[in-house]
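Here is input-v2.json, consisting of JSON, C-alpha atoms and all ligand atoms:
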```
[["chain", "number", "residue", "atom", "x", "y", "z"],
["F", 1, "MET", "CA", 90.70, 59.21, 39.29],
["F", 2, "ILE", "CA", 90.99, 61.58, 36.33],
["F", 3, "LEU", "CA", 89.13, 64.86, 35.81],
["F", 4, "GLN", "CA", 88.95, 65.69, 32.14],
["F", 5, "LYS", "CA", 87.07, 67.55, 29.44],
["F", 6, "MET", "CA", 84.18, 65.35, 28.36],
["F", 7, "GLN", "CA", 84.45, 63.45, 25.05],
["F", 8, "PRO", "CA", 81.67, 61.78, 22.99],
["F", 9, "GLY", "CA", 82.86, 58.40, 24.32],
["F", 10, "HIS", "CA", 81.69, 59.46, 27.83],
["F", 11, "ILE", "CA", 78.03, 59.98, 26.86],
["F", 12, "ALA", "CA", 76.82, 56.51, 27.89],
["F", 13, "GLY", "CA", 78.72, 56.71, 31.19],
["F", 14, "VAL", "CA", 77.25, 60.14, 31.94],
["F", 15, "LYS", "CA", 73.76, 58.77, 31.21],
["F", 16, "GLU", "CA", 74.33, 55.93, 33.71],
["F", 17, "LEU", "CA", 75.55, 58.42, 36.32],
["F", 18, "LEU", "CA", 72.59, 60.79, 35.82],
["F", 19, "ASP", "CA", 70.13, 57.87, 36.00],
["F", 20, "ASP", "CA", 71.68, 56.92, 39.36],
["F", 21, "CYS", "CA", 71.44, 60.50, 40.62],
["F", 22, "PHE", "CA", 68.14, 61.75, 39.17],
["F", 23, "GLY", "CA", 66.13, 58.63, 38.24],
["F", 24, "GLU", "CA", 63.18, 59.32, 35.94],
["F", 25, "SER", "CA", 64.03, 63.00, 35.54],
["F", 26, "ALA", "CA", 67.58, 62.31, 34.31],
["F", 27, "TRP", "CA", 68.58, 63.81, 30.96],
["F", 28, "SER", "CA", 68.28, 61.54, 27.93],
["F", 29, "MET", "CA", 71.34, 60.44, 25.89],
["F", 30, "GLU", "CA", 70.24, 63.00, 23.24],
["F", 31, "SER", "CA", 70.18, 65.85, 25.80],
["F", 32, "ILE", "CA", 73.63, 64.86, 27.10],
["F", 33, "ALA", "CA", 75.01, 64.70, 23.55],
["F", 34, "SER", "CA", 73.47, 68.01, 22.53],
["F", 35, "GLN", "CA", 74.84, 69.71, 25.67],
["F", 36, "LEU", "CA", 78.32, 68.46, 24.70],
["F", 37, "ASP", "CA", 77.86, 69.79, 21.15],
["F", 38, "LYS", "CA", 76.74, 73.31, 22.08],
["F", 39, "ALA", "CA", 79.24, 75.96, 21.06],
["F", 40, "ASP", "CA", 79.26, 77.80, 24.39],
["F", 41, "SER", "CA", 79.11, 74.73, 26.61],
["F", 42, "TYR", "CA", 81.84, 73.23, 28.78],
["F", 43, "CYS", "CA", 81.35, 69.65, 30.01],
["F", 44, "ALA", "CA", 83.79, 67.76, 32.23],
["F", 45, "VAL", "CA", 83.80, 64.30, 33.76],
["F", 46, "ALA", "CA", 85.56, 62.48, 36.58],
["F", 47, "VAL", "CA", 86.54, 58.98, 35.55],
["F", 48, "ASP", "CA", 87.62, 56.18, 37.90],
["F", 49, "ASP", "CA", 88.68, 52.83, 36.45],
["F", 50, "GLU", "CA", 86.97, 53.75, 33.14],
["F", 51, "LYS", "CA", 83.66, 54.52, 34.91],
["F", 52, "VAL", "CA", 82.19, 58.04, 34.81],
["F", 53, "VAL", "CA", 81.66, 58.99, 38.46],
["F", 54, "GLY", "CA", 81.27, 62.78, 38.18],
["F", 55, "TYR", "CA", 79.88, 65.23, 35.62],
["F", 56, "ILE", "CA", 79.49, 68.98, 35.29],
["F", 57, "ALA", "CA", 77.89, 70.89, 32.43],
["F", 58, "PHE", "CA", 78.28, 74.64, 32.14],
["F", 59, "GLU", "CA", 77.24, 77.06, 29.42],
["F", 60, "ALA", "CA", 77.65, 80.77, 28.78],
["F", 61, "ILE", "CA", 75.92, 83.47, 26.78],
["F", 62, "ALA", "CA", 78.18, 86.51, 26.50],
["F", 63, "ASP", "CA", 79.42, 87.15, 30.06],
["F", 64, "GLU", "CA", 76.62, 85.23, 31.80],
["F", 65, "GLY", "CA", 77.30, 81.61, 32.65],
["F", 66, "SER", "CA", 75.16, 78.90, 34.18],
["F", 67, "ILE", "CA", 75.79, 75.49, 35.70],
["F", 68, "VAL", "CA", 73.16, 73.33, 34.01],
["F", 69, "GLU", "CA", 74.05, 69.96, 35.54],
["F", 70, "LEU", "CA", 76.28, 68.58, 38.29],
["F", 71, "ALA", "CA", 76.35, 65.04, 39.63],
["F", 72, "VAL", "CA", 78.63, 62.77, 41.62],
["F", 73, "ASN", "CA", 78.12, 59.00, 41.93],
["F", 74, "PRO", "CA", 76.62, 58.30, 45.40],
["F", 75, "GLU", "CA", 79.58, 56.08, 46.37],
["F", 76, "TYR", "CA", 82.04, 58.90, 45.63],
["F", 77, "ARG", "CA", 80.31, 61.72, 47.52],
["F", 78, "ARG", "CA", 81.76, 63.74, 50.41],
["F", 79, "LYS", "CA", 85.26, 63.19, 49.09],
["F", 80, "GLY", "CA", 85.70, 66.57, 47.43],
["F", 81, "MET", "CA", 84.78, 65.60, 43.88],
["F", 82, "GLY", "CA", 81.87, 68.03, 43.54],
["F", 83, "ARG", "CA", 84.21, 70.77, 44.72],
["F", 84, "LYS", "CA", 86.90, 69.74, 42.18],
["F", 85, "LEU", "CA", 84.38, 69.73, 39.30],
["F", 86, "VAL", "CA", 83.19, 73.25, 40.20],
["F", 87, "GLU", "CA", 86.80, 74.45, 40.51],
["F", 88, "LEU", "CA", 87.64, 73.00, 37.09],
["F", 89, "MET", "CA", 84.60, 74.71, 35.58],
["F", 90, "LEU", "CA", 85.60, 78.05, 37.17],
["F", 91, "THR", "CA", 89.10, 77.87, 35.69],
["F", 92, "SER", "CA", 87.62, 77.05, 32.27],
["F", 93, "CYS", "CA", 85.09, 79.88, 31.96],
["F", 94, "SER", "CA", 87.13, 82.93, 31.18],
["F", 95, "GLY", "CA", 85.22, 86.09, 30.28],
["F", 96, "VAL", "CA", 82.22, 85.21, 32.43],
["F", 97, "ARG", "CA", 81.15, 87.79, 35.03],
["F", 98, "THR", "CA", 78.22, 86.04, 36.67],
["F", 99, "ILE", "CA", 77.26, 82.38, 37.04],
["F", 100, "CYS", "CA", 73.75, 81.32, 37.93],
["F", 101, "LEU", "CA", 72.04, 78.00, 38.64],
["F", 102, "GLU", "CA", 68.81, 76.47, 39.83],
["F", 103, "VAL", "CA", 68.67, 73.97, 42.66],
["F", 104, "ARG", "CA", 65.83, 72.16, 44.41],
["F", 105, "ALA", "CA", 64.93, 73.96, 47.64],
["F", 106, "SER", "CA", 65.42, 70.71, 49.62],
["F", 107, "ASN", "CA", 68.83, 69.89, 48.08],
["F", 108, "THR", "CA", 70.96, 70.73, 51.11],
["F", 109, "PRO", "CA", 74.20, 69.07, 49.84],
["F", 110, "ALA", "CA", 74.17, 70.99, 46.55],
["F", 111, "LYS", "CA", 73.22, 74.30, 48.18],
["F", 112, "ALA", "CA", 76.05, 73.86, 50.73],
["F", 113, "LEU", "CA", 78.53, 73.12, 47.95],
["F", 114, "TYR", "CA", 77.49, 76.19, 45.95],
["F", 115, "GLU", "CA", 77.53, 78.40, 49.06],
["F", 116, "ALA", "CA", 81.12, 77.27, 49.67],
["F", 117, "PHE", "CA", 81.89, 78.91, 46.28],
["F", 118, "ASP", "CA", 80.06, 82.13, 47.25],
["F", 119, "PHE", "CA", 76.94, 81.46, 45.23],
["F", 120, "GLU", "CA", 74.13, 83.42, 46.91],
["F", 121, "PRO", "CA", 70.42, 82.66, 46.82],
["F", 122, "VAL", "CA", 68.69, 85.53, 44.99],
["F", 123, "THR", "CA", 65.14, 84.36, 44.37],
["F", 124, "ILE", "CA", 62.75, 81.42, 44.48],
["F", 125, "ARG", "CA", 60.95, 80.01, 41.42],
["F", 126, "LYS", "CA", 57.72, 78.55, 42.79],
["F", 127, "ASN", "CA", 56.83, 74.97, 41.77],
["F", 128, "TYR", "CA", 59.62, 74.93, 39.21],
["F", 129, "TYR", "CA", 60.36, 71.20, 39.48],
["F", 130, "ASP", "CA", 58.08, 68.20, 38.94],
["F", 131, "ASP", "CA", 58.22, 64.70, 40.44],
["F", 132, "PRO", "CA", 58.17, 65.76, 43.18],
["F", 133, "ARG", "CA", 56.84, 69.28, 42.67],
["F", 134, "GLU", "CA", 59.17, 71.71, 44.40],
["F", 135, "ASP", "CA", 60.46, 75.27, 44.34],
["F", 136, "ALA", "CA", 63.80, 76.12, 42.75],
["F", 137, "VAL", "CA", 66.28, 78.36, 44.50],
["F", 138, "ILE", "CA", 68.13, 80.57, 42.01],
["F", 139, "MET", "CA", 71.73, 81.17, 43.07],
["F", 140, "ILE", "CA", 74.22, 83.58, 41.56],
["F", 141, "LYS", "CA", 77.96, 84.04, 41.89],
["F", 142, "LYS", "CA", 79.81, 87.15, 40.77],
["F", 143, "VAL", "CA", 83.13, 86.22, 39.22],
["F", 144, "SER", "CA", 85.98, 88.63, 39.90],
["F", 145, "GLU", "CA", 88.09, 89.60, 36.90],
["R", 1, "LIG", "C1", 75.73, 67.92, 45.27],
["R", 1, "LIG", "C2", 76.83, 66.92, 44.94],
["R", 1, "LIG", "C3", 77.29, 67.13, 43.50],
["R", 1, "LIG", "C4", 78.02, 67.16, 45.90],
["R", 1, "LIG", "O1", 79.10, 66.33, 45.48],
["R", 1, "LIG", "P1", 80.24, 65.83, 46.50],
["R", 1, "LIG", "O2", 81.35, 65.27, 45.71],
["R", 1, "LIG", "O3", 79.63, 64.95, 47.54],
["R", 1, "LIG", "O4", 80.67, 67.21, 47.19],
["R", 1, "LIG", "P2", 82.06, 67.49, 47.94],
["R", 1, "LIG", "O5", 82.53, 66.25, 48.64],
["R", 1, "LIG", "O6", 82.99, 68.14, 46.99],
["R", 1, "LIG", "O7", 81.59, 68.55, 49.02],
["R", 1, "LIG", "C5", 81.98, 69.92, 48.97],
["R", 1, "LIG", "C6", 81.20, 70.69, 50.03],
["R", 1, "LIG", "O8", 79.80, 70.66, 49.73],
["R", 1, "LIG", "C7", 79.04, 70.58, 50.95],
["R", 1, "LIG", "N1", 78.33, 69.29, 50.99],
["R", 1, "LIG", "C8", 78.45, 68.26, 50.11],
["R", 1, "LIG", "N2", 77.61, 67.26, 50.47],
["R", 1, "LIG", "C9", 76.99, 67.67, 51.59],
["R", 1, "LIG", "C10", 76.01, 67.07, 52.44],
["R", 1, "LIG", "N3", 75.51, 65.84, 52.19],
["R", 1, "LIG", "N4", 75.54, 67.77, 53.48],
["R", 1, "LIG", "C11", 76.02, 69.01, 53.74],
["R", 1, "LIG", "N5", 76.96, 69.63, 53.00],
["R", 1, "LIG", "C12", 77.43, 68.96, 51.93],
["R", 1, "LIG", "C13", 80.05, 70.68, 52.06],
["R", 1, "LIG", "O9", 80.23, 72.05, 52.35],
["R", 1, "LIG", "C14", 81.29, 70.09, 51.42],
["R", 1, "LIG", "O10", 82.49, 70.49, 52.01],
["R", 1, "LIG", "P3", 83.09, 69.61, 53.23],
["R", 1, "LIG", "O11", 83.08, 68.18, 52.78],
["R", 1, "LIG", "O12", 84.47, 70.19, 53.40],
["R", 1, "LIG", "O13", 82.17, 69.83, 54.39],
["R", 1, "LIG", "C15", 76.33, 65.44, 45.16],
["R", 1, "LIG", "O14", 75.74, 65.36, 46.43],
["R", 1, "LIG", "C16", 75.34, 64.97, 44.12],
["R", 1, "LIG", "O15", 75.70, 64.50, 43.04],
["R", 1, "LIG", "N6", 74.03, 65.07, 44.42],
["R", 1, "LIG", "C17", 72.98, 64.55, 43.53],
["R", 1, "LIG", "C18", 72.87, 65.38, 42.27],
["R", 1, "LIG", "C19", 72.60, 66.84, 42.59],
["R", 1, "LIG", "O16", 71.84, 67.15, 43.49],
["R", 1, "LIG", "N7", 73.22, 67.73, 41.80],
["R", 1, "LIG", "C20", 73.06, 69.15, 41.95],
["R", 1, "LIG", "C21", 71.95, 69.63, 41.09],
["R", 1, "LIG", "S1", 71.74, 71.39, 41.24]]
```

Will you turn the file into structure tokens for me?
Amino acid sequence: MILQKMQPGHIAGVKELLDDCFGESAWSMESIASQLDKADSYCAVAVDDEKVVGYIAFEAIADEGSIVELAVNPEYRRKGMGRKLVELMLTSCSGVRTICLEVRASNTPAKALYEAFDFEPVTIRKNYYDDPREDAVIMIKKVSE
């Protein structure tokens, strides 16, 4: 298993992973490619036997960062990979003072992972998600200097 900065050659593998994790609402290949291209974005992947099994996308505007996507292949979950991807992102985002994210209210695994990194729920965005319609919980972490 290798955790590494994402390269263009990983785009198709990330698409397959996101399809597995999010089905119809998964990002398109174009969205994945454009996230990788953004100047203030950091994307990393976990690769096992040439297959992309984990992905994190992070971006920052000035000192405010956000996790915009995180996914681990179902067969690789509960083995610490989500934690490793968040740790790698945290070591790669120097100059950021706060990190925010949105997560489905019912997504207990993701909320537990973020809480383990001291992300705190700060507000609810009603009916933010479609298919199925659901509230988003906005979580924020203050990053110490
Ligand atoms: C959320 C997700 C990335 C977690 O990945 P993971 O590799 O399984 O997470 P880890 O094994 O690193 O778990 C780290 C901690 O998160 C919490 N956690 C993870 N999965 C959990 C679950 N199913 N139930 C409760 N807590 C969970 C635990 O605190 C865990 O620590 P522990 O194993 O020591 O108890 C994964 O479940 C996933 O890809 N889900 C689908 C996509 C998704 O929802 N992405 C987030 C969008 S905001």

Would you name the residues within 7 Å of ligand LIG 1 (chain R), counting all atoms listed in the file, and put them as a short mmCIF file (atom, residue, chain, number, x, y, z; two decimals) with C-alpha atoms, in the coordinates of the input?
```
data_model
loop_
_atom_site.label_atom_id
_atom_site.label_comp_id
_atom_site.auth_asym_id
_atom_site.auth_seq_id
_atom_site.Cartn_x
_atom_site.Cartn_y
_atom_site.Cartn_z
CA CYS F 21 71.44 60.50 40.62
CA PHE F 22 68.14 61.75 39.17
CA GLU F 69 74.05 69.96 35.54
CA LEU F 70 76.28 68.58 38.29
CA ALA F 71 76.35 65.04 39.63
CA VAL F 72 78.63 62.77 41.62
CA ASN F 73 78.12 59.00 41.93
CA PRO F 74 76.62 58.30 45.40
CA TYR F 76 82.04 58.90 45.63
CA ARG F 77 80.31 61.72 47.52
CA ARG F 78 81.76 63.74 50.41
CA LYS F 79 85.26 63.19 49.09
CA GLY F 80 85.70 66.57 47.43
CA MET F 81 84.78 65.60 43.88
CA GLY F 82 81.87 68.03 43.54
CA ARG F 83 84.21 70.77 44.72
CA LYS F 84 86.90 69.74 42.18
CA GLU F 102 68.81 76.47 39.83
CA VAL F 103 68.67 73.97 42.66
CA ARG F 104 65.83 72.16 44.41
CA ASN F 107 68.83 69.89 48.08
CA THR F 108 70.96 70.73 51.11
CA PRO F 109 74.20 69.07 49.84
CA ALA F 110 74.17 70.99 46.55
CA ALA F 112 76.05 73.86 50.73
CA LEU F 113 78.53 73.12 47.95
CA ALA F 116 81.12 77.27 49.67
#
```

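Of note, CA of Lys38 in chain F and CA of Ile61 in chain F are spaced 11.2 Å apart.
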
Nearest to Tyr55 in chain F, restricted to all atoms listed in the file and choosing among F:Ala105, F:Met1, F:Leu17, F:Met139, comes out as F:Leu17

Q: Skip Leu3 in chain F itself and residues of its chain fewer than 4 positions away, then list as a list in words all residues within 10 Å of it, counting all atoms listed in the file.
A: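 That gives Ala44, Val45, Ala46, Val47, Asp48, Val52, Val53, Gly54, Tyr55, Met81, Lys84, Leu85 and Leu88 of chain F.
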
Resulting file, chosen residues, C-alpha atoms, as a tab-separated table (two decimals), keeping the file's coordinate frame:
```tsv
chain	number	residue	atom	x	y	z
F	44	ALA	CA	83.79	67.76	32.23
F	45	VAL	CA	83.80	64.30	33.76
F	46	ALA	CA	85.56	62.48	36.58
F	47	VAL	CA	86.54	58.98	35.55
F	48	ASP	CA	87.62	56.18	37.90
F	52	VAL	CA	82.19	58.04	34.81
F	53	VAL	CA	81.66	58.99	38.46
F	54	GLY	CA	81.27	62.78	38.18
F	55	TYR	CA	79.88	65.23	35.62
F	81	MET	CA	84.78	65.60	43.88
F	84	LYS	CA	86.90	69.74	42.18
F	85	LEU	CA	84.38	69.73	39.30
F	88	LEU	CA	87.64	73.00	37.09
```

What separates CA of Tyr128 in chain F and CA of Gly13 in chain F is a distance of 27.6 Å

Nearest-residue call for Lys15 in chain F, choices F:Val137, F:Val68, F:Val86, F:Met29, using all atoms listed in the file
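Closest residue, counting all atoms listed in the file: F:Met29.
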
Kindly indicate which residue among F:Thr98, F:Ser92, F:Val14, F:Lys141 lies nearest to Glu115 in chain F, using only C-alpha atoms for the distances.
->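 Going through F:Thr98, F:Ser92, F:Val14, F:Lys141 one by one, the smallest distance to Glu115 in chain F is for F:Lys141.
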
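Take CA of Glu64 in chain F and CA of Cys100 in chain F: the distance between them is 7.8 Å.
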
*Name all residues at most 6 Å from Leu101 in chain F (count all atoms listed in the file; drop same-chain ones fewer than 2 positions away) and give them as a ChimeraX atom specification.*
/F:66-67,138-139

Could you tell me which of F:Gln4, F:Phe58, F:Ala33, F:Ser106 comes closest to Arg133 in chain F if we count all atoms listed in the file?
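The closest residue to Arg133 in chain F is F:Ser106.
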
With all atoms of range 76-81 of chain F from the file as input, state the centre and edge lengths in Å to one decimal of the axis-aligned box that has 4 Å extra on each side, as JSON.
```
{"center_x": 83.0, "center_y": 62.7, "center_z": 47.1, "size_x": 13.4, "size_y": 15.7, "size_z": 14.5}
```

Using all atoms listed in the file, the shortest atom-to-atom distance to Pro132 in chain F among F:Asp40, F:Glu50, F:Glu24, F:Glu120 belongs to F:Glu24
